[in-house]
Amino acid sequence: MQVITNGRRPAARRVAYPARYSAFGLLRRGLMHQDWPPAWHAHPLKGSYDVVIIGGGVHGLAAAYYLAANHGITDVAVLDKGYMGSGGSGRNTAILRSNYLTPEGVRFYDRSMQLYRTLAADLDYNVMFSRRGHLTLAHSDSSLRTMRWRAEVNKAQGVDSEVIGPAEIKRLAPFLDVSEEARYPVLGALWHPPGGIIRHDAVVWGYARGADALGVQIHQNTEVTGIDVADGRVRGVRTTRGDIATRVVLNATAGWSTLIADMAGVALPITTSPLQAAVTEPVKPFLSTVIVSGTLHVYISQTDRGELVFGASVDPFTSYSMRGSLEFIEGLAGHVIELMPALTKVRLLRQWAGLCDMTPDFSPVMGPTPVEGFLVDVGWGTYGFKAGPVSGEAMAQCIASGQTPEIIAAFGLDRFGEGALVGEKGAAAVGH
Ligand code: PYC
């Protein structure tokens with residue numbers, strides 16, 4: 001805040017920045033990309049590592065970072081067939097929340113929210129976390145009942161959520177049509193104040209930079225072509241850049257998780273479907289919360305740059321395609337306008353798809369597998385990005401200690417054989 005005394009501005013305090021921070025210096029460095037230290041380094045691929053992590057998204061990089069930071073395990077390679085964050089981490093809609101339906105889910109995602117809240121300070125990197133609050137609209141009595149149920153489970157776990165009515169919703173999101181004439185009248189909503197959005201690329205870059213600084217090796221454009229297993233245990237990984245001997249492999253992929261698991265001879269109860277999303281031109285900030293409608297299969301938020309980000313539920317077929325479709329965008333735009341009629345003139349800029357690995361209970365699969373040394377952090381459906389920090393922390397602990405941490409105990413692969421499912425469909429963004 002500017003302090004004015006006696007009608008005069010106080011003399012500006014001068015800070016002696018080095019010349020490279022002068023306006024000209026910043027412009028030259030910005031435009032010419034001069035003297036920028038790399039956020040992480042390239043390395044020759046070694047013939048062996050203590051731990052190999054497949055997948056350079058937020059999950060794989062967070063696991064690498066916490067292995068090094070929390071457990072001092074630094075002989076770690078993170079492999080990705082593309083660039084860091086080129087999969088689901090760069091294709092999601094960057095929504096953060098912990099208002100799940102099961103106690104196991106709420107506890108798990110709440111730990112992720114705790115880590116996200118301090119991530120910028122922990123990594124010394126601006127991840128642009130913006131606490132906005134999160135509204136899940138109910139258009140029917142049955143979804144209102146589910147919201148009440150979620151609110152009670154959330155409160156019992158110490159997570160801030162409550163059911164609110166149309167007047168309060170209107171106060172939080174004035175552009176939302178909550179009138180009784182709306183095509184899908186809004187009966188109430190689950191209001192979750194801690195929810196928000198974050199800059200998803202920055203989360204990837206921050207973890208990659210932090211892991212690199214602690215000695216982890218990041219290998220981009222390094223595709224895994226095989227996993228060597230002998231006598232029931234992992235021996236190594238084959239890649240397009242050479243073979244690696246290792247006794248620990250973490251499958252932290254999304255979209256291709258079943259193909260990687262197949263290489264180790266592990267079957268996963270996962271099907272893969274695209275999820276489409278889109279972004280508009282930037283408009284003046286008017287939407288300060290995240291809005292979700294399960295009935296209309298849509299969620300909407302506004303970025304710090306003013307763009308509106310929309311997403312849908314998964315396409316109703318399995319595919320590895322990451323292309324958007326006109327049919328989808330027409331349906332999505334129609335639903336957005338039903339909720340916010342004032343948006344009819346806003347133009348769409350881009351659309352894309354990400355791959356979602358769906359499990360039967362809409363919860364992830366984490367921990368050891370029947371192949372010793374082969375661990376999984378997979379099955380992330382439409383909720384993987386928000387779980388990156390807690391998954392990384394838990395998988396690092398699992399690898400370092402050889403024990404499954406309590407916070408992921410419910411998400412083991414064996415639950416499908418035992419029938420101990422963790423049913424989260426009612427709290428997946430637009431899963432019901
Ligand atoms: O689970 O919050 C969510 C979500 C948002 C977009 C896709 N899933």
# chains A, B, ... in the order shown; residues from 1 in each chain; ligands from 1
>>> residues_around(residues="A:Pro194", least_positions_apart="5", cutoff="10 Å", atoms="only C-alpha atoms", output="list in words")
Leu96, Arg97, Ser98, Asn99, Asp110, Met113, Gln114, Arg117, Ser130, Arg131, Arg132, Gly133, His134, Val159, Asp160 and Ser161 of chain A
>>> residues_around(residues="A:Asn251", least_positions_apart="4", cutoff="8 Å", atoms="only C-alpha atoms", output="VMD selection string")
chain A and resid 53 to 55 257 260 to 261 374 to 378
>>> closest_atom_pairs(of="chain A", to="ligand 1", cutoff="6 Å", atoms="only C-alpha atoms and all ligand atoms", output="CSV")
residue,atom,partner,partner_atom_place_in_ligand_line,distance
A:Thr93,CA,ligand 1,6 (C),5.5
A:Ile95,CA,ligand 1,5 (C),5.4
A:Thr382,CA,ligand 1,8 (N),4.3
A:Tyr383,CA,ligand 1,1 (O),4.4
A:Ala428,CA,ligand 1,1 (O),4.9
A:Ala429,CA,ligand 1,1 (O),3.8
>>> closest_residue(among="A:Gly373, A:Gly60, A:Gly255, A:Gly236", to="A:Tyr207", atoms="only C-alpha atoms")
A:Gly60
>>> residues_around(residues="stretch 395-398 of chain A", least_positions_apart="6", cutoff="12 Å", atoms="only C-alpha atoms", output="PyMOL selection string")
chain A and resi 51-53+59-74+76+248-252+365-368+373-378+387-389+404-409+411-412
>>> closest_residue(among="A:Leu326, A:Ala42, A:Leu308, A:Val178", to="A:Arg347", atoms="only C-alpha atoms")
A:Leu308
>>> closest_residue(among="A:Ala202, A:Val229, A:Met340, A:Val390", to="A:Gly265", atoms="only C-alpha atoms")
A:Val229
>>> residues_around(residues="A:Leu137", least_positions_apart="6", cutoff="10 Å", atoms="only C-alpha atoms", output="list in words")
Ser143, Leu144, Met147, Val163, Ile164, Gly165, Pro166, Ile169, Pro185, Val186, Leu187, Gly188, Ala189, Leu190, Trp191, Ile291, Val292, Ser293, Gly294, Thr295, Leu296 and Tyr299 of chain A
